$ cat structure.cif   # mmCIF, C-alpha atoms
data_start
loop_
_atom_site.label_atom_id
_atom_site.label_comp_id
_atom_site.auth_asym_id
_atom_site.auth_seq_id
_atom_site.Cartn_x
_atom_site.Cartn_y
_atom_site.Cartn_z
CA SER A 145 -3.02 83.36 25.91
CA MET A 146 -3.07 85.59 28.93
CA PHE A 147 -6.27 87.29 27.82
CA LEU A 148 -8.34 84.14 27.48
CA VAL A 149 -7.11 82.97 30.83
CA SER A 150 -7.83 86.16 32.72
CA ASP A 151 -11.18 86.33 31.04
CA LEU A 152 -12.29 82.82 31.95
CA VAL A 153 -10.45 82.26 35.19
CA PHE A 154 -11.01 85.64 36.76
CA GLY A 155 -14.64 85.35 35.79
CA LEU A 156 -15.02 82.39 38.15
CA GLU A 157 -16.70 83.14 41.40
CA ILE A 158 -13.97 81.60 43.54
CA PHE A 159 -11.36 83.89 41.97
CA GLN A 160 -13.35 87.10 42.36
CA ASP A 161 -11.07 88.47 45.07
CA LEU A 162 -7.81 87.93 43.21
CA GLU A 163 -5.98 91.06 42.21
CA GLN A 164 -4.11 91.91 39.05
CA SER A 165 -0.85 90.96 40.75
CA HIS A 166 -2.12 87.41 41.26
CA LEU A 167 -2.84 86.88 37.58
CA PRO A 168 0.68 85.96 36.40
CA VAL A 169 1.03 83.51 39.27
CA LEU A 170 -2.27 81.86 38.43
CA ALA A 171 -1.54 81.88 34.69
CA GLU A 172 1.62 79.86 35.33
CA LEU A 173 -0.44 77.09 36.91
CA ILE A 174 -2.90 76.63 34.07
CA THR A 175 -2.61 73.78 31.59
CA PRO A 176 -5.13 73.27 28.80
CA VAL A 177 -6.24 69.65 28.39
CA PHE A 178 -8.24 68.31 25.46
CA PHE A 179 -10.84 65.57 25.57
CA GLU A 180 -12.30 63.64 22.66
CA GLN A 181 -16.01 63.05 22.30
CA ASN A 182 -17.19 60.40 24.83
CA GLU A 183 -13.98 60.61 26.82
CA MET A 184 -14.28 60.60 30.62
CA ILE A 185 -13.07 63.95 31.96
CA ILE A 186 -13.89 63.33 35.61
CA VAL A 187 -14.34 59.91 37.16
CA CYS A 188 -16.57 59.75 40.22
CA GLY A 189 -14.62 58.53 43.25
CA ASP A 190 -11.24 59.66 41.98
CA GLU A 191 -9.19 62.11 43.99
CA ILE A 192 -9.72 65.75 43.01
CA CYS A 193 -6.30 66.97 41.89
CA ASP A 194 -7.33 69.89 39.71
CA ILE A 195 -9.79 72.70 39.49
CA MET A 196 -11.11 72.54 35.92
CA ILE A 197 -12.72 75.21 33.79
CA MET A 198 -14.37 74.45 30.48
CA SER A 199 -13.02 76.75 27.80
CA SER A 200 -14.75 75.08 24.86
CA GLY A 201 -17.03 72.18 24.07
CA VAL A 202 -19.87 70.56 25.97
CA ALA A 203 -19.77 67.87 28.62
CA THR A 204 -22.40 65.86 30.46
CA VAL A 205 -22.49 65.58 34.23
CA PHE A 206 -23.60 62.29 35.82
CA ASP A 207 -24.26 62.13 39.55
CA SER A 208 -22.74 59.50 41.81
CA ASP A 209 -25.51 57.04 40.88
CA GLY A 210 -24.61 57.41 37.23
CA ASP A 211 -27.79 59.37 36.48
CA TYR A 212 -27.83 62.33 34.16
CA ALA A 213 -27.48 65.59 36.14
CA SER A 214 -26.80 68.40 33.67
CA GLU A 215 -24.84 69.78 30.76
CA ALA A 216 -21.69 71.82 31.22
CA GLU A 217 -20.47 74.40 28.74
CA ARG A 218 -17.85 77.14 28.47
CA GLU A 219 -17.21 78.78 31.87
CA ALA A 220 -18.48 75.80 33.85
CA SER A 221 -15.97 74.89 36.55
CA PHE A 222 -15.33 71.84 38.67
CA GLY A 223 -13.17 70.88 41.61
CA HIS A 224 -13.31 74.02 43.75
CA GLU A 225 -14.73 71.74 46.44
CA ALA A 226 -11.15 70.48 46.92
CA LEU A 227 -10.33 73.80 48.56
CA CYS A 228 -12.94 73.15 51.24
CA VAL A 229 -11.39 70.08 52.80
CA VAL A 230 -10.00 70.26 56.28
CA ASP A 231 -6.58 69.13 57.41
CA GLN A 232 -5.14 66.23 55.47
CA GLU A 233 -8.45 64.97 54.16
CA VAL A 234 -8.33 63.86 50.52
CA PRO A 235 -11.15 65.26 48.41
CA HIS A 236 -12.93 62.98 45.93
CA TRP A 237 -15.19 63.73 42.98
CA ASP A 238 -18.82 62.90 43.73
CA TYR A 239 -19.88 63.11 40.10
CA SER A 240 -18.56 62.14 36.67
CA LEU A 241 -18.09 64.26 33.58
CA VAL A 242 -18.08 62.91 30.03
CA ALA A 243 -17.16 64.98 26.98
CA THR A 244 -20.32 65.27 24.84
CA GLU A 245 -18.16 66.66 22.05
CA PHE A 246 -14.48 67.55 21.63
CA SER A 247 -13.74 69.82 24.60
CA GLU A 248 -10.94 71.89 26.07
CA LEU A 249 -10.58 72.36 29.81
CA LEU A 250 -8.15 74.58 31.66
CA THR A 251 -6.74 72.73 34.66
CA ILE A 252 -5.21 74.26 37.78
CA PRO A 253 -3.56 71.76 40.15
CA VAL A 254 -5.02 72.18 43.63
CA GLN A 255 -1.67 71.56 45.33
CA ALA A 256 0.14 74.12 43.19
CA LEU A 257 -2.62 76.65 43.74
CA THR A 258 -2.42 76.10 47.48
CA ALA A 259 1.37 76.33 47.46
CA ALA A 260 1.27 79.56 45.45
CA PHE A 261 -1.21 81.36 47.67
CA GLU A 262 -1.39 79.70 51.09
CA PHE A 263 0.74 82.38 52.79
CA ASP A 264 -1.12 85.20 51.04
CA PRO A 265 -4.20 86.64 52.79
CA ILE A 266 -6.05 85.99 49.53
CA PHE A 267 -6.08 82.26 50.24
CA ALA A 268 -8.60 82.57 53.07
CA LYS A 269 -10.88 84.50 50.72
CA LEU A 270 -10.44 81.87 48.04
CA LYS A 271 -11.45 79.12 50.46
CA ALA A 272 -14.37 81.12 51.81
CA ARG A 273 -15.74 81.60 48.31
CA ALA A 274 -15.14 77.96 47.41
CA GLU A 275 -17.29 76.96 50.37
CA LYS A 276 -20.19 79.10 49.14
CA VAL A 277 -20.13 78.02 45.52
CA PRO A 278 -22.33 74.97 44.90
CA THR A 279 -20.85 72.01 43.08
CA VAL A 280 -22.17 71.37 39.61
CA VAL A 281 -24.45 68.58 40.87
CA ASP A 282 -25.84 70.65 43.74
CA GLU A 283 -26.48 73.44 41.30
CA ALA A 284 -28.35 71.15 38.93
CA ALA A 285 -30.46 69.83 41.81
CA ALA A 286 -31.18 73.33 43.10
CA SER A 287 -32.29 74.67 39.74
CA GLY A 288 -34.93 71.93 39.68
CA LEU A 289 -34.75 71.96 35.91
CA PRO A 290 -35.64 68.79 34.13
CA ALA A 291 -32.70 67.01 32.57
CA SER A 292 -31.58 69.05 29.63
CA GLU A 293 -33.77 68.95 26.56
CA GLN A 294 -30.71 69.59 24.40
CA LEU A 295 -29.63 66.02 24.72
CA SER A 296 -31.33 63.78 22.24
CA GLU A 297 -32.10 60.19 23.21
CA LEU A 298 -29.25 59.17 20.95
CA ASP A 299 -26.78 61.40 22.78
CA ARG A 300 -27.94 60.07 26.09
CA LEU A 301 -27.56 56.51 24.97
CA ARG A 302 -24.08 57.21 23.65
CA LEU A 303 -22.96 58.87 26.88
CA LYS A 304 -24.55 56.19 28.98
CA GLN A 305 -22.55 53.64 26.99
CA ALA A 306 -19.34 55.55 27.63
CA PHE A 307 -20.21 55.57 31.31
CA ASP A 308 -21.06 51.87 31.38
CA VAL A 309 -17.82 50.95 29.66
CA ALA A 310 -15.93 52.73 32.41
CA ASP A 311 -18.18 51.20 35.06
CA ASP A 312 -16.98 47.69 34.52
CA ASN A 313 -18.58 46.02 37.50
CA LYS A 314 -21.96 47.77 37.16
CA SER A 315 -21.75 49.33 40.59
CA GLY A 316 -22.93 52.64 39.17
CA GLU A 317 -19.61 53.95 40.33
CA ILE A 318 -16.48 54.01 38.36
CA ASP A 319 -13.89 52.13 40.26
CA MET A 320 -10.87 53.81 41.66
CA GLU A 321 -7.52 52.17 41.27
CA GLU A 322 -6.78 50.82 44.70
#

$ encode --input "structure.cif" --output "structure tokens"
Amino acid sequence: SMFLVSDLVFGLEIFQDLEQSHLPVLAELITPVFFEQNEMIIVCGDEICDIMIMSSGVATVFDSDGDYASEAEREASFGHEALCVVDQEVPHWDYSLVATEFSELLTIPVQALTAAFEFDPIFAKLKARAEKVPTVVDEAAASGLPASEQLSELDRLRLKQAFDVADDNKSGEIDMEE
């Protein structure tokens, strides 16, 4: 629904400068995607193709070493760092995200977003904001908070298992398809 979208998406820091006229364009680009408990939402090392916004559920962020970084809930967003790349550089995720419970994320393809706005003066503002917003891992590090108390040992074990299953060669990184 348009309302949920405008509410969540326009609430994001990177979209603060968008005007009402941009809303329908942005709304067209959004696809909700659902993830089951323990499912990998973001795989570290993969190319960033979408900006993602959590609309429901909880997910766990693991840094590039596979260590617990933080919890993500409704309104958390990922992937804006893809707007910060220069020239033809391909952006890659430097963290992983695992669904702690059944979750819904709104996805906005970076290429479609760029195509929709690149000739609009708003695009420069979008990029400028994207460069200022910390990634979820940087944010967790900056807050200096201990790893979330909400996660019981059991949860952690379960998520770690999901991570290890995906990390088949124990590199601490989930392998990209070559």

$ resolve_selection --input "structure.cif" --expression "the PyMOL selection byres ((chain A and resi 196-201) around 10)" --output "ChimeraX atom specification"
/A:148-149,152-153,156,174-181,185-186,192-195,202-203,216-224,243-254

$ residues_around --input "structure.cif" --residues "Arg273 in chain A" --least-positions-apart "5" --cutoff "10 Å" --atoms "all atoms listed in the file" --output "PyMOL selection string"
chain A and resi 157-161+224+227-228+267-268+278

$ atom_distance --input "structure.cif" --atom1 "CA of Asn182 in chain A" --atom2 "CA of Ala285 in chain A"
23.5 Å

$ resolve_selection --input "structure.cif" --expression "the PyMOL selection byres ((chain A and resi 189) around 6)" --output "list in words"
Cys188, Asp190, His236 and Trp237 of chain A

$ residues_around --input "structure.cif" --residues "Val234 in chain A" --least-positions-apart "3" --cutoff "9 Å" --atoms "only C-alpha atoms" --output "tab-separated table (two decimals) with C-alpha atoms, keeping the file's coordinate frame"
chain	number	residue	atom	x	y	z
A	191	GLU	CA	-9.19	62.11	43.99
A	192	ILE	CA	-9.72	65.75	43.01
A	226	ALA	CA	-11.15	70.48	46.92
A	229	VAL	CA	-11.39	70.08	52.80
A	230	VAL	CA	-10.00	70.26	56.28
A	231	ASP	CA	-6.58	69.13	57.41

$ residues_around --input "structure.cif" --residues "Phe307 in chain A" --least-positions-apart "6" --cutoff "8 Å" --atoms "only C-alpha atoms" --output "list in words"
Met184, Gly210 and Val242 of chain A

$ atom_distance --input "structure.cif" --atom1 "CA of Ser165 in chain A" --atom2 "CA of Leu257 in chain A"
14.7 Å

$ axis_aligned_box --input "structure.cif" --around "range 160-175 of chain A" --padding-each-side "8 Å" --output "JSON"
{"center_x": -5.9, "center_y": 82.8, "center_z": 38.3, "size_x": 31.0, "size_y": 34.1, "size_z": 29.5}

$ resolve_selection --input "structure.cif" --expression "the PyMOL selection byres ((chain A and resi 239) around 9)" --output "ChimeraX atom specification"
/A:186-189,205-210,213,237-238,240-241,280-281

$ atom_distance --input "structure.cif" --atom1 "CA of Ala284 in chain A" --atom2 "CA of Gln305 in chain A"
22.0 Å

$ closest_residue --input "structure.cif" --among "A:Val169, A:Leu162, A:Leu303, A:Ala286" --to "Pro265 in chain A" --atoms "all atoms listed in the file"
A:Leu162

$ closest_residue --input "structure.cif" --among "A:Asp151, A:Asp211, A:Ala272, A:Pro168" --to "Leu301 in chain A" --atoms "all atoms listed in the file"
A:Asp211

$ closest_residue --input "structure.cif" --among "A:Lys271, A:Gln232, A:Arg302, A:Ala256" --to "Glu172 in chain A" --atoms "all atoms listed in the file"
A:Ala256

$ closest_residue --input "structure.cif" --among "A:Glu233, A:Ala306, A:Ala260, A:Ser214" --to "Leu170 in chain A" --atoms "only C-alpha atoms"
A:Ala260
